[in-house]
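What follows is a short report on a single structure.
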Amino acid sequence: MSDSHEIQAHTDALLPDPGHPEHHWRPTDVDPKAERRAERQVATLFGLSVVCTILFVVSYVTLQTGIGGQEFIGLGASNVALGLTLGGAFLFIGIGVIQWARKLMADVELVEERHPASSSLEDRSATVAALQAGLEESGIARRPLIRNTLVLSVGVLVAPAVVMLRDLGPLPGDKLRHTVWAKNMRVVRDVVGTPIRPADLEIGDLVNAEPEIIFGTDKGQPLPSGEVIEGSDLQVQKAKSATVLLRMDPDDIVSDVTRNWSVNGIVAYSKICTHVGCPISLNERTTHHLLCPCHQSTFDLADSGKVIFGPAGRHLPQLPLGIDDEGFLVALSDYPEPVGPSFWERETKSPQAIYDEWSKETGQ
Amino acid sequence: MSVDTSKVATSNTSAATANKPTKVGAAAEWADERLGLAAMGKKNLRKIFPDHWSFMLGEIALWSFVVLLVTGVFLTLWFRPSMAEVTYQGSYPNLRGISMSEAYSSALNISFDVRGGLLLRQMHHWAAMLFISAMMIHMLRVFFTGAHRKPRELNWVIGSLLLLLGTLEGFTGYSLPDDLLSGTGVRAADGFIQAIPIVGTYIGFFLFGGEFPGDAIIPRLYTIHVLLIPGILLGLVAAHMLLLVYHKHTQWAGPGRKETNVVGYPMLPVYAAKAGGFFFITFGVTAVMGAILSINPVWKFGPYDPTKVTAGSQPDWYMGWPDGALRIMPGWESHFWGSTWSWNIFIPVILMPMVSWMVVTSFPFLESWITGDKREHHLLQRPRNAPTRTGVMVAAMVWYAMFWLAGGNDIIAIKLHMSINQITYFLRAAVFLGPVIAFFITRRWCIALQRHDNEVLLHGYETGVIMRSAVGGYSEIHLPISEEKAYAITVRDRGPEGAGEADGPKANGKLTLRDKLRTLYYEDDVEKPTVEEIEAAHAHAAHAVEGGHDDAHAIEGGHDDARAIEGGHGEH
Ligand code: HEM
Ligand code: FES
C-alpha cells in the first residue's frame, strides 16, 4: 500500500526530458484571410449536408422501392439514392466539425496532472470506519441468527426465478427418439409428395424424400389415424424425418445391414447430419458417399452410413425399406435409432447391434 | 517565443469571460441550482485527451454501436418476430405465394416495400460488422501497447465482456430474419446445445420451447436481441467510458509526457468536436456502405426449411473461428452407460471459446502475477519493449486465423483445387504449430527491434546518404536522432526493473513456477544503453564528424593496407 497519496506510476526515463515542444501557430491563427477562408469552408460543408438531407427527402418521395423500382448500376435506385444522400448528410457534418476543430479551435496542447486511481488514505480510513460503524449499528455480526436467516431467505428467492423457467418448454421425454415414420408409411418425394416405385429410380439417382404423413391425408392413402400435421409441428416433423433415397448397384452394397434394409439396391438414410443437424445434400455419384455441406462430414451409404471423413462422430441412421401391395416404397418401421445430432441421453450402438434388436422387435 | 502574438486571431486565445453574465452562464446557473453539476463540470469539461490515431479504434466501436441502436430501433417498427406461417403476398415476385414465417415475410417487407427499409437493414448489418471488427482491433491495440496494465485491468475485463456480448448479439440478430442461412445457423446452435453433457437436451427443449425448430425460438431471440443484450451492452459501455474518464487516457511517452501527467486537447471544445464529428463520419460511412454494398440479401436464400441447405453456407465472419474448429475437430464421440458424449462438438464450440475468452479476460491479472509489477502505468509501451507479451498475442492471432481459415475449408478447397482432407490435416497441425512458430518469430523480431533502437540511439539513424571519401572508400552517413526522439525511446524499464521480488527457491531448491515464468518473460530482452554508453557514443560521433573522411578511410583501410597506412600517416 502507498504511504503517501501519490501516483505510483514509474517508468525509467534515461535522458533528461527536453520538455514540451514549442507551439507553432497555424496559418488560420495568424492570417485573417486564411481564417475567414476556413470559416467559409466549414460553413459550406454544413450547407452541403443540408442539400443532401433535402435530396434524401426528395428521393424518398419520388423513387419507388423494391423490384418494381428504378435501377441504378444494377442496384435499387431508391436504396442507392437514400443511402448516399443520408451518408452525405452525415459525412459533411462530420468533416465540417472536424475541420472546424483542426483549423479554428485553439490548438494549444494542455497538460493535466494525473492522480492515483486509489483514494487518499484519509478517505479510505474514513470509509472503512463508516462501513464498520454501519455494520456495528446493524448488529449483523452480533446476531448471526438474523444474518443467517436473511441470507437464507434471499438465497432461496432464486427458486421462483428458476422455477418460472420450467414452462419455457416441455421435457424432452422420448421425443428425440421417434419420428413420424412408421410401418408401411410410403416414402414420397419431397415438395411434391408423390409416392415412388423402385423402377422410377436409376442407379446413381438421389431423391429427397419425406414420409407421406407430412403431406396430410389429401394425397395417397388415407392415414389410419386421420392425423394431419401442420404449422410448427410440421416443421418439427420435417426436421426429423427428412430422408434421402439412393439407388446403387446391389453388388456395391458392403454391409449386410444395409443390404437387408434395401430394396433392389435402393437405400434410405436420414438426411439430417449426425454432427450438428444440417440436411445433407451433396452426393458423390461414383462412390455412394454423401457429403454434408456444413462441415464436410462424409458418409458411406453402401456401408451403413459409416463416417469416412469429417467431424461427425456417428454413422447416418438407415431407414428399413420395403414395398407395399401397390409396388410403392414404404418404411418397414420408424428409424431404428434416433436421428439427428447427438444428445447426452442417446444410446449409441453399432449398426449390427441395432439391426439385431430391430429384427427381434419387429420379427422381420 | 518569437511569434508575433499581436497577429494571432481570437481562435487560439481563451478570453476570460467567466465573470460576464452570458446566456450560457445563466443556463448553467439555472441547471446548477437544481442539479449541482458545477463541481463535476469543473473537473471534466476541460479534461485532457491525448491524441493518437490508434485511440480512434475504440471510438469506431462506440459510434457503430450507436448506429446499431438507431437503425435497430427503426427496424423494430416493421419487423415481426413471429414464426407463425403466412403466405407471402408482397412485392418480391419470386417468393409470392410461398409459405414462410411471419419473421421472414416481414424482413422481405422491410427490404422491398418500406422505403429506406433495405438501407436500414444493410446499415444495421454493416454497422454490426464494423462494431465487432473495431472492438477486436481496439482490443489488440490495448494489448500490444500494455494499456491493460494497472490501474486499467477492470476496464479490460469490461471490454472483453463487450466483445463476448457483441458477438452473441450479432448471432441473435443474424438469426432473426428466419431465412435459409439464418435457420441453418440456428439448427447448428441447437446441435451445439444438445452436445452439452447431461443438461444439453433439457436446455435445448427449454430454449426452443420443445423440439427444433418449434415456434418459440425467434420471438425469444428477439427479446434477447433488442432488450436483454443491448441493455447490458449499454450499461457496460457506460461503465467503460466512466472508467476511461476516471483513469484518464494513457499516452505515448515523449517530451513533456510523463507517467504523472496527460498532455493533449481539452474535452471542450477540441476533443468533443473531433469525437462528435467522428460519430457523423461513422454514421455516414455506414450509410454509404448500406447504399452500395449488398449484405445478407435474405430474399435470395428463401425461407428456412429444415430439409434444405445451401452449399457453402457460412456464418458471419466473427463466428468463423469456432465454426472452423468444429470442422477440423476429429469425430470423437464416446458412448457408455447408455449415454453419448459429443467431444467433437462440445470441445470446439463450447469449451474452447469459453476457455479462450476466460484466458483473454484474465490476461492482465496473469501478466502482473508473472511479472510481479504492481505499479500504475499511464505511459504506453511500444510492442517491441514487451517481446514476450507481443509474441503471445501474435501467437493468439495466428491461432485464431488458422481456425478462421478452417471455417472456409470448403471455399479454399474449391478456389485452390485442393482436397478438403489435405486442408483439414494441414490445419489440424497448423493450429498448434503456427502459434508456436509465430511466438518465437515475433519475440525475436521484437528483440531485434530493441537492438535497432539502441543502435539508433548510440550511433544515429541511417541517412541513406553514401559518402565517398577522397581515397575511394564508401560509408553511409549516420546522423544523431533528435533529442525528443532519443528521449521518447529511452522511456522504458530496464529489464525486470518493474518486476516485484522473486519468490526465491522452494524448500527443495527448485524455482517456483512464477519465478520460472518471470525469467522466461524477461529473457533475452535487450536493455537500453546506460547514460555513460550514450555519452561515450556521442563523444565518438562528434569526433568522427570532425574528422569527416577520416572514418571512411579507416573502413577502406581494411581492404587496402598500403593506402590505409599511407592515409593514416597523412592524417596524424
Ligand atoms: C449491439 C449490437 C447489435 C448487433 C451486433 C446487431 C446485429 C444484427 C444483425 C447481424 C442482424 C441481421 C440483419 C440482417 O437482416 O441482415 C440484426 C437484425 C435485427 N436487429 Fe440487430 N444488432 C444490434 C443491436 C440491435 C438493437 C439495439 C436493436 C433494437 C433495439 C436491434 C434490432 C434488430 C432487428 C429488429 C433485426 C431484424 C431485422 C431484419 O433482419 O430485417 N438490433 N441485428
Ligand atoms: S452438420 Fe453435417 S458436418 Fe456438421
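Ordering of the C-alpha cells sets the chain letters (A, B, ...), residue numbers begin anew at 1 in every chain, and ligands are numbered from 1 in the order given.
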> Which residues, written as a ChimeraX atom specification, have at least one atom at most 10 Å from Ala331 (chain A), with only C-alpha atoms counted and residues fewer than 3 positions away on the same chain left out?
Replying inline: /A:181-187,211,261,268,319-324,334-335
>> as an NGL selection string, please: every residue in region 411-548 of chain B that DSSP puts in strand (DSSP E or B).
In response: :B and (461-468 or 474-479 or 491)
Expected file: the selected residues, all heavy atoms, as a tab-separated table (two decimals), in the first residue's frame:
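Saved file result_0.tsv follows:
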chain	number	residue	atom	x	y	z
B	461	TYR	N	20.74	7.61	-36.85
B	461	TYR	CA	19.97	6.86	-37.83
B	461	TYR	C	20.69	6.89	-39.18
B	461	TYR	O	21.52	7.74	-39.45
B	461	TYR	CB	18.56	7.43	-37.96
B	461	TYR	CG	18.49	8.82	-38.51
B	461	TYR	CD1	18.20	9.02	-39.87
B	461	TYR	CD2	18.68	9.94	-37.71
B	461	TYR	CE1	18.13	10.30	-40.40
B	461	TYR	CE2	18.60	11.21	-38.22
B	461	TYR	CZ	18.33	11.39	-39.56
B	461	TYR	OH	18.26	12.65	-40.09
B	462	GLU	N	20.35	5.91	-40.03
B	462	GLU	CA	20.98	5.82	-41.34
B	462	GLU	C	20.32	6.84	-42.25
B	462	GLU	O	19.11	6.81	-42.43
B	462	GLU	CB	20.80	4.41	-41.90
B	462	GLU	CG	21.48	3.36	-41.05
B	462	GLU	CD	21.02	1.96	-41.39
B	462	GLU	OE1	20.21	1.80	-42.32
B	462	GLU	OE2	21.47	1.02	-40.70
B	463	THR	N	21.12	7.73	-42.80
B	463	THR	CA	20.52	8.79	-43.61
B	463	THR	C	20.25	8.32	-45.01
B	463	THR	O	19.52	8.95	-45.76
B	463	THR	CB	21.47	9.99	-43.70
B	463	THR	OG1	22.73	9.49	-44.16
B	463	THR	CG2	21.64	10.66	-42.37
B	464	GLY	N	20.89	7.22	-45.41
B	464	GLY	CA	20.73	6.78	-46.79
B	464	GLY	C	21.68	7.53	-47.70
B	464	GLY	O	21.75	7.28	-48.90
B	465	VAL	N	22.42	8.50	-47.15
B	465	VAL	CA	23.38	9.26	-47.96
B	465	VAL	C	24.72	8.55	-47.90
B	465	VAL	O	25.25	8.31	-46.82
B	465	VAL	CB	23.52	10.70	-47.42
B	465	VAL	CG1	24.57	11.45	-48.25
B	465	VAL	CG2	22.18	11.39	-47.43
B	466	ILE	N	25.25	8.20	-49.05
B	466	ILE	CA	26.52	7.48	-49.08
B	466	ILE	C	27.62	8.50	-49.39
B	466	ILE	O	27.49	9.31	-50.31
B	466	ILE	CB	26.51	6.41	-50.18
B	466	ILE	CG1	25.26	5.54	-50.07
B	466	ILE	CG2	27.80	5.59	-50.13
B	466	ILE	CD1	25.26	4.57	-48.94
B	467	MET	N	28.66	8.43	-48.62
B	467	MET	CA	29.78	9.34	-48.83
B	467	MET	C	30.92	8.58	-49.46
B	467	MET	O	31.23	7.45	-49.08
B	467	MET	CB	30.24	9.89	-47.47
B	467	MET	CG	29.42	11.02	-46.95
B	467	MET	SD	30.09	12.58	-47.47
B	467	MET	CE	31.53	12.66	-46.42
B	468	ARG	N	31.54	9.20	-50.41
B	468	ARG	CA	32.74	8.59	-50.98
B	468	ARG	C	33.91	9.43	-50.51
B	468	ARG	O	33.93	10.64	-50.65
B	468	ARG	CB	32.65	8.64	-52.50
B	468	ARG	CG	33.78	7.94	-53.18
B	468	ARG	CD	33.42	7.75	-54.65
B	468	ARG	NE	34.42	6.90	-55.29
B	468	ARG	CZ	35.48	7.39	-55.91
B	468	ARG	NH1	35.67	8.69	-55.99
B	468	ARG	NH2	36.35	6.57	-56.48
B	474	TYR	N	33.65	3.98	-49.33
B	474	TYR	CA	32.26	4.39	-49.18
B	474	TYR	C	31.80	4.24	-47.75
B	474	TYR	O	32.20	3.30	-47.07
B	474	TYR	CB	31.36	3.55	-50.09
B	474	TYR	CG	31.57	3.84	-51.54
B	474	TYR	CD1	32.44	3.07	-52.29
B	474	TYR	CD2	30.92	4.92	-52.14
B	474	TYR	CE1	32.67	3.33	-53.63
B	474	TYR	CE2	31.14	5.19	-53.48
B	474	TYR	CZ	32.01	4.40	-54.22
B	474	TYR	OH	32.21	4.68	-55.53
B	475	SER	N	30.99	5.14	-47.30
B	475	SER	CA	30.38	4.94	-45.99
B	475	SER	C	29.05	5.68	-45.96
B	475	SER	O	28.85	6.65	-46.70
B	475	SER	CB	31.29	5.49	-44.89
B	475	SER	OG	31.32	6.90	-44.98
B	476	GLU	N	28.14	5.16	-45.12
B	476	GLU	CA	26.84	5.81	-45.04
B	476	GLU	C	26.90	6.79	-43.89
B	476	GLU	O	27.45	6.50	-42.83
B	476	GLU	CB	25.74	4.78	-44.79
B	476	GLU	CG	24.37	5.39	-44.92
B	476	GLU	CD	23.28	4.35	-44.76
B	476	GLU	OE1	23.59	3.17	-44.58
B	476	GLU	OE2	22.10	4.76	-44.79
B	477	ILE	N	26.30	7.93	-44.10
B	477	ILE	CA	26.31	8.93	-43.04
B	477	ILE	C	25.26	8.59	-42.00
B	477	ILE	O	24.11	8.32	-42.33
B	477	ILE	CB	26.04	10.32	-43.61
B	477	ILE	CG1	27.15	10.69	-44.57
B	477	ILE	CG2	25.92	11.34	-42.48
B	477	ILE	CD1	27.16	12.12	-44.96
B	478	HIS	N	25.64	8.56	-40.77
B	478	HIS	CA	24.70	8.39	-39.67
B	478	HIS	C	24.55	9.71	-38.98
B	478	HIS	O	25.53	10.37	-38.68
B	478	HIS	CB	25.22	7.35	-38.67
B	478	HIS	CG	25.06	5.96	-39.16
B	478	HIS	ND1	24.43	4.99	-38.44
B	478	HIS	CD2	25.43	5.37	-40.32
B	478	HIS	CE1	24.44	3.87	-39.12
B	478	HIS	NE2	25.04	4.07	-40.28
B	479	LEU	N	23.32	10.12	-38.74
B	479	LEU	CA	23.10	11.37	-38.03
B	479	LEU	C	22.43	11.07	-36.70
B	479	LEU	O	21.61	10.15	-36.62
B	479	LEU	CB	22.20	12.30	-38.86
B	479	LEU	CG	22.86	12.99	-40.04
B	479	LEU	CD1	21.87	13.90	-40.72
B	479	LEU	CD2	24.10	13.76	-39.61
B	491	VAL	N	12.43	6.07	-22.66
B	491	VAL	CA	11.47	5.92	-21.56
B	491	VAL	C	10.98	4.48	-21.57
B	491	VAL	O	10.06	4.13	-22.29
B	491	VAL	CB	10.28	6.88	-21.69
B	491	VAL	CG1	9.30	6.66	-20.55
B	491	VAL	CG2	10.75	8.31	-21.70
> Residues at most 6 Å from ligand 1, using only C-alpha atoms and all ligand atoms? Could they come as number ranges by chain?
Replying inline: B: 65, 68-69, 72-73, 75-76, 79, 107, 121, 125, 128, 166, 169-170, 173-174, 176-177, 225-226, 230, 296
Rows by chain and residue number, chain A within 6 Å of chain B, shortest pair, only C-alpha atoms, as CSV:
residue,atom,partner,partner_atom,distance
A:Gln8,CA,B:Glu376,CA,5.6
A:Ala9,CA,B:Glu376,CA,4.3
A:Thr11,CA,B:Asp493,CA,5.7
A:Asp12,CA,B:Asp493,CA,5.4
A:Ala13,CA,B:Val491,CA,4.2
A:Leu14,CA,B:Thr490,CA,5.5
A:Leu15,CA,B:Tyr487,CA,5.7
A:Asp17,CA,B:Pro255,CA,5.7
A:Pro18,CA,B:Pro255,CA,5.6
A:Gly19,CA,B:Gly256,CA,4.5
A:His20,CA,B:Gly256,CA,4.4
A:Asp29,CA,B:Ala9,CA,5.0
A:Val30,CA,B:Val8,CA,4.6
A:Thr65,CA,B:Arg115,CA,5.8
A:Gly66,CA,B:Phe112,CA,4.1
A:Asn79,CA,B:Ala291,CA,5.6
A:Val80,CA,B:Ala291,CA,4.4
A:Gly83,CA,B:Ala291,CA,4.2
A:Leu84,CA,B:Val288,CA,5.2
A:Gly87,CA,B:Gly284,CA,3.9
A:Phe90,CA,B:Gly284,CA,4.8
A:Leu91,CA,B:Gly284,CA,4.8
A:Gly94,CA,B:Gly277,CA,4.0
A:Val97,CA,B:Gly277,CA,5.3
A:Ile98,CA,B:Lys274,CA,5.1
A:Ala101,CA,B:Val270,CA,5.5
A:Leu104,CA,B:Ser11,CA,5.7
A:Met105,CA,B:Ser11,CA,5.6
A:Ala106,CA,B:Asn12,CA,4.1
A:Glu109,CA,B:Gly264,CA,4.8
A:Leu110,CA,B:Gly264,CA,5.5
A:Val111,CA,B:Val263,CA,4.5
A:Glu112,CA,B:Val262,CA,5.3
A:Glu113,CA,B:Asn261,CA,4.2
A:Arg114,CA,B:Asn261,CA,4.9
A:Leu168,CA,B:Phe206,CA,4.9
A:Gly169,CA,B:Gly209,CA,3.9
A:Pro170,CA,B:Gly210,CA,5.6
A:Ser232,CA,B:Gly214,CA,5.3
A:Val236,CA,B:Pro213,CA,5.8
A:Ala239,CA,B:Pro306,CA,4.9
A:Val276,CA,B:Gly191,CA,4.3
A:Pro279,CA,B:Thr307,CA,5.5
A:Pro293,CA,B:Ala311,CA,5.3
A:His295,CA,B:Arg327,CA,5.0
A:Pro311,CA,B:Gly331,CA,4.1
A:Ala312,CA,B:Gly331,CA,5.0
A:Gly313,CA,B:Gly331,CA,4.3
A:Pro341,CA,B:Gly191,CA,5.6
A:Phe343,CA,B:Gln194,CA,5.0
A:Trp344,CA,B:Thr340,CA,4.8
A:Glu345,CA,B:Ser339,CA,4.9
A:Arg346,CA,B:Ser339,CA,5.3
A:Glu347,CA,B:Gly338,CA,4.4
I'd like a table as JSON lines: residues in chain A with an atom no more than 12 Å from ligand 2, each row giving the shortest atom pair and its distance in Å to one decimal, only C-alpha atoms and all ligand atoms counted, sorted by chain and rising residue number.
{"residue": "A:Ser270", "atom": "CA", "partner": "ligand 2", "partner_atom_place_in_ligand_line": "2 (Fe)", "distance": 11.8}
{"residue": "A:Lys271", "atom": "CA", "partner": "ligand 2", "partner_atom_place_in_ligand_line": "2 (Fe)", "distance": 9.7}
{"residue": "A:Ile272", "atom": "CA", "partner": "ligand 2", "partner_atom_place_in_ligand_line": "2 (Fe)", "distance": 7.7}
{"residue": "A:Cys273", "atom": "CA", "partner": "ligand 2", "partner_atom_place_in_ligand_line": "2 (Fe)", "distance": 4.5}
{"residue": "A:Thr274", "atom": "CA", "partner": "ligand 2", "partner_atom_place_in_ligand_line": "2 (Fe)", "distance": 6.5}
{"residue": "A:His275", "atom": "CA", "partner": "ligand 2", "partner_atom_place_in_ligand_line": "1 (S)", "distance": 4.6}
{"residue": "A:Val276", "atom": "CA", "partner": "ligand 2", "partner_atom_place_in_ligand_line": "1 (S)", "distance": 4.2}
{"residue": "A:Gly277", "atom": "CA", "partner": "ligand 2", "partner_atom_place_in_ligand_line": "1 (S)", "distance": 4.7}
{"residue": "A:Cys278", "atom": "CA", "partner": "ligand 2", "partner_atom_place_in_ligand_line": "1 (S)", "distance": 4.3}
{"residue": "A:Pro279", "atom": "CA", "partner": "ligand 2", "partner_atom_place_in_ligand_line": "2 (Fe)", "distance": 7.2}
{"residue": "A:Ile280", "atom": "CA", "partner": "ligand 2", "partner_atom_place_in_ligand_line": "2 (Fe)", "distance": 6.5}
{"residue": "A:Ser281", "atom": "CA", "partner": "ligand 2", "partner_atom_place_in_ligand_line": "2 (Fe)", "distance": 9.6}
{"residue": "A:Leu282", "atom": "CA", "partner": "ligand 2", "partner_atom_place_in_ligand_line": "2 (Fe)", "distance": 10.8}
{"residue": "A:Leu290", "atom": "CA", "partner": "ligand 2", "partner_atom_place_in_ligand_line": "2 (Fe)", "distance": 10.2}
{"residue": "A:Leu291", "atom": "CA", "partner": "ligand 2", "partner_atom_place_in_ligand_line": "2 (Fe)", "distance": 7.8}
{"residue": "A:Cys292", "atom": "CA", "partner": "ligand 2", "partner_atom_place_in_ligand_line": "2 (Fe)", "distance": 4.5}
{"residue": "A:Pro293", "atom": "CA", "partner": "ligand 2", "partner_atom_place_in_ligand_line": "2 (Fe)", "distance": 6.5}
{"residue": "A:Cys294", "atom": "CA", "partner": "ligand 2", "partner_atom_place_in_ligand_line": "4 (Fe)", "distance": 5.0}
{"residue": "A:His295", "atom": "CA", "partner": "ligand 2", "partner_atom_place_in_ligand_line": "3 (S)", "distance": 3.8}
{"residue": "A:Gln296", "atom": "CA", "partner": "ligand 2", "partner_atom_place_in_ligand_line": "3 (S)", "distance": 4.9}
{"residue": "A:Ser297", "atom": "CA", "partner": "ligand 2", "partner_atom_place_in_ligand_line": "3 (S)", "distance": 4.2}
{"residue": "A:Thr298", "atom": "CA", "partner": "ligand 2", "partner_atom_place_in_ligand_line": "3 (S)", "distance": 7.6}
{"residue": "A:Phe299", "atom": "CA", "partner": "ligand 2", "partner_atom_place_in_ligand_line": "3 (S)", "distance": 9.8}
{"residue": "A:Val307", "atom": "CA", "partner": "ligand 2", "partner_atom_place_in_ligand_line": "3 (S)", "distance": 10.2}
{"residue": "A:Ile308", "atom": "CA", "partner": "ligand 2", "partner_atom_place_in_ligand_line": "3 (S)", "distance": 11.5}
{"residue": "A:Phe309", "atom": "CA", "partner": "ligand 2", "partner_atom_place_in_ligand_line": "3 (S)", "distance": 9.3}
{"residue": "A:Gly310", "atom": "CA", "partner": "ligand 2", "partner_atom_place_in_ligand_line": "3 (S)", "distance": 6.6}
{"residue": "A:Pro311", "atom": "CA", "partner": "ligand 2", "partner_atom_place_in_ligand_line": "3 (S)", "distance": 6.1}
{"residue": "A:Ala312", "atom": "CA", "partner": "ligand 2", "partner_atom_place_in_ligand_line": "3 (S)", "distance": 5.8}
{"residue": "A:Gly313", "atom": "CA", "partner": "ligand 2", "partner_atom_place_in_ligand_line": "3 (S)", "distance": 9.6}
{"residue": "A:Arg314", "atom": "CA", "partner": "ligand 2", "partner_atom_place_in_ligand_line": "3 (S)", "distance": 10.8}
{"residue": "A:His315", "atom": "CA", "partner": "ligand 2", "partner_atom_place_in_ligand_line": "2 (Fe)", "distance": 11.4}
{"residue": "A:Leu316", "atom": "CA", "partner": "ligand 2", "partner_atom_place_in_ligand_line": "2 (Fe)", "distance": 10.4}
{"residue": "A:Gly340", "atom": "CA", "partner": "ligand 2", "partner_atom_place_in_ligand_line": "1 (S)", "distance": 9.0}
{"residue": "A:Pro341", "atom": "CA", "partner": "ligand 2", "partner_atom_place_in_ligand_line": "1 (S)", "distance": 8.0}
{"residue": "A:Ser342", "atom": "CA", "partner": "ligand 2", "partner_atom_place_in_ligand_line": "1 (S)", "distance": 10.9}
Output of the above residues as a short mmCIF file (atom, residue, chain, number, x, y, z; two decimals), in the first residue's frame, restricted to N, CA, C and O atoms:
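Result file follows (part-v4.cif):
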data_model
loop_
_atom_site.label_atom_id
_atom_site.label_comp_id
_atom_site.auth_asym_id
_atom_site.auth_seq_id
_atom_site.Cartn_x
_atom_site.Cartn_y
_atom_site.Cartn_z
N SER A 270 -31.35 -41.21 -43.12
CA SER A 270 -31.76 -39.91 -42.60
C SER A 270 -30.96 -38.83 -43.32
O SER A 270 -29.78 -38.97 -43.57
N LYS A 271 -31.64 -37.74 -43.65
CA LYS A 271 -30.98 -36.63 -44.33
C LYS A 271 -30.32 -35.69 -43.33
O LYS A 271 -29.61 -34.76 -43.69
N ILE A 272 -30.62 -35.92 -42.04
CA ILE A 272 -30.14 -34.99 -41.03
C ILE A 272 -28.78 -35.46 -40.51
O ILE A 272 -28.67 -36.55 -39.94
N CYS A 273 -27.79 -34.62 -40.70
CA CYS A 273 -26.41 -34.97 -40.34
C CYS A 273 -26.32 -35.32 -38.86
O CYS A 273 -26.91 -34.65 -38.01
N THR A 274 -25.54 -36.35 -38.57
CA THR A 274 -25.39 -36.75 -37.16
C THR A 274 -24.43 -35.84 -36.41
O THR A 274 -24.19 -36.02 -35.24
N HIS A 275 -23.88 -34.87 -37.12
CA HIS A 275 -22.94 -33.94 -36.48
C HIS A 275 -23.75 -32.89 -35.73
O HIS A 275 -24.08 -33.09 -34.56
N VAL A 276 -24.11 -31.77 -36.38
CA VAL A 276 -24.99 -30.84 -35.67
C VAL A 276 -26.31 -30.62 -36.40
O VAL A 276 -27.03 -29.67 -36.11
N GLY A 277 -26.65 -31.47 -37.36
CA GLY A 277 -28.02 -31.47 -37.86
C GLY A 277 -28.31 -30.77 -39.16
O GLY A 277 -29.47 -30.53 -39.48
N CYS A 278 -27.30 -30.42 -39.94
CA CYS A 278 -27.60 -29.84 -41.25
C CYS A 278 -28.22 -30.92 -42.13
O CYS A 278 -27.91 -32.10 -41.98
N PRO A 279 -29.09 -30.52 -43.05
CA PRO A 279 -29.57 -31.50 -44.03
C PRO A 279 -28.43 -31.81 -45.02
O PRO A 279 -27.86 -30.90 -45.59
N ILE A 280 -28.14 -33.06 -45.18
CA ILE A 280 -27.03 -33.45 -46.06
C ILE A 280 -27.50 -33.38 -47.49
O ILE A 280 -28.62 -33.77 -47.80
N SER A 281 -26.64 -32.89 -48.38
CA SER A 281 -27.18 -32.70 -49.71
C SER A 281 -26.26 -33.08 -50.86
O SER A 281 -26.70 -33.20 -51.97
N LEU A 282 -24.99 -33.28 -50.61
CA LEU A 282 -24.10 -33.46 -51.75
C LEU A 282 -23.74 -34.92 -51.93
O LEU A 282 -23.25 -35.59 -51.04
N LEU A 290 -21.99 -39.51 -49.28
CA LEU A 290 -22.86 -38.35 -49.14
C LEU A 290 -22.12 -37.35 -48.26
O LEU A 290 -21.61 -37.70 -47.20
N LEU A 291 -22.09 -36.12 -48.74
CA LEU A 291 -21.28 -35.11 -48.05
C LEU A 291 -22.18 -34.05 -47.45
O LEU A 291 -23.11 -33.57 -48.09
N CYS A 292 -21.89 -33.68 -46.20
CA CYS A 292 -22.68 -32.63 -45.57
C CYS A 292 -22.03 -31.28 -45.89
O CYS A 292 -20.84 -31.10 -45.70
N PRO A 293 -22.81 -30.32 -46.40
CA PRO A 293 -22.20 -29.06 -46.81
C PRO A 293 -21.77 -28.20 -45.64
O PRO A 293 -21.01 -27.26 -45.82
N CYS A 294 -22.25 -28.49 -44.43
CA CYS A 294 -21.94 -27.59 -43.33
C CYS A 294 -20.50 -27.74 -42.84
O CYS A 294 -19.77 -26.76 -42.74
N HIS A 295 -20.08 -28.97 -42.51
CA HIS A 295 -18.70 -29.14 -42.04
C HIS A 295 -18.04 -30.33 -42.72
O HIS A 295 -17.11 -30.93 -42.18
N GLN A 296 -18.61 -30.72 -43.86
CA GLN A 296 -17.97 -31.72 -44.74
C GLN A 296 -17.86 -33.13 -44.17
O GLN A 296 -17.00 -33.90 -44.59
N SER A 297 -18.71 -33.51 -43.24
CA SER A 297 -18.71 -34.92 -42.85
C SER A 297 -19.18 -35.73 -44.05
O SER A 297 -20.10 -35.33 -44.76
N THR A 298 -18.53 -36.87 -44.25
CA THR A 298 -18.86 -37.69 -45.41
C THR A 298 -19.25 -39.09 -44.93
O THR A 298 -18.59 -39.66 -44.07
N PHE A 299 -20.37 -39.56 -45.48
CA PHE A 299 -20.91 -40.83 -45.01
C PHE A 299 -20.96 -41.82 -46.18
O PHE A 299 -21.27 -41.43 -47.30
N VAL A 307 -19.09 -43.05 -41.14
CA VAL A 307 -18.38 -41.78 -41.37
C VAL A 307 -17.03 -42.07 -41.99
O VAL A 307 -16.24 -42.84 -41.45
N ILE A 308 -16.76 -41.46 -43.15
CA ILE A 308 -15.47 -41.67 -43.79
C ILE A 308 -14.57 -40.50 -43.54
O ILE A 308 -13.35 -40.60 -43.61
N PHE A 309 -15.17 -39.34 -43.35
CA PHE A 309 -14.36 -38.14 -43.18
C PHE A 309 -15.18 -37.10 -42.45
O PHE A 309 -16.40 -37.09 -42.53
N GLY A 310 -14.48 -36.24 -41.75
CA GLY A 310 -15.17 -35.10 -41.15
C GLY A 310 -15.45 -35.28 -39.68
O GLY A 310 -15.13 -36.30 -39.08
N PRO A 311 -16.05 -34.24 -39.11
CA PRO A 311 -16.18 -34.19 -37.66
C PRO A 311 -17.36 -34.98 -37.08
O PRO A 311 -17.49 -35.04 -35.86
N ALA A 312 -18.20 -35.57 -37.91
CA ALA A 312 -19.33 -36.32 -37.35
C ALA A 312 -18.79 -37.53 -36.59
O ALA A 312 -17.80 -38.13 -36.99
N GLY A 313 -19.46 -37.88 -35.50
CA GLY A 313 -18.95 -38.96 -34.66
C GLY A 313 -19.67 -40.27 -34.87
O GLY A 313 -19.34 -41.26 -34.23
N ARG A 314 -20.68 -40.27 -35.73
CA ARG A 314 -21.59 -41.41 -35.75
C ARG A 314 -22.12 -41.65 -37.15
O ARG A 314 -22.32 -40.71 -37.91
N HIS A 315 -22.42 -42.93 -37.46
CA HIS A 315 -22.98 -43.26 -38.76
C HIS A 315 -24.35 -42.62 -38.94
O HIS A 315 -25.02 -42.25 -37.97
N LEU A 316 -24.78 -42.56 -40.19
CA LEU A 316 -26.08 -41.98 -40.52
C LEU A 316 -27.14 -43.07 -40.33
O LEU A 316 -26.98 -44.17 -40.85
N GLY A 340 -30.50 -37.36 -36.29
CA GLY A 340 -30.04 -36.01 -35.99
C GLY A 340 -28.86 -35.97 -35.05
O GLY A 340 -28.24 -37.00 -34.77
N PRO A 341 -28.55 -34.76 -34.57
CA PRO A 341 -27.36 -34.58 -33.74
C PRO A 341 -27.43 -35.43 -32.48
O PRO A 341 -28.51 -35.78 -32.00
N SER A 342 -26.26 -35.70 -31.93
CA SER A 342 -26.20 -36.48 -30.70
C SER A 342 -26.78 -35.70 -29.54
O SER A 342 -26.74 -34.48 -29.53
#
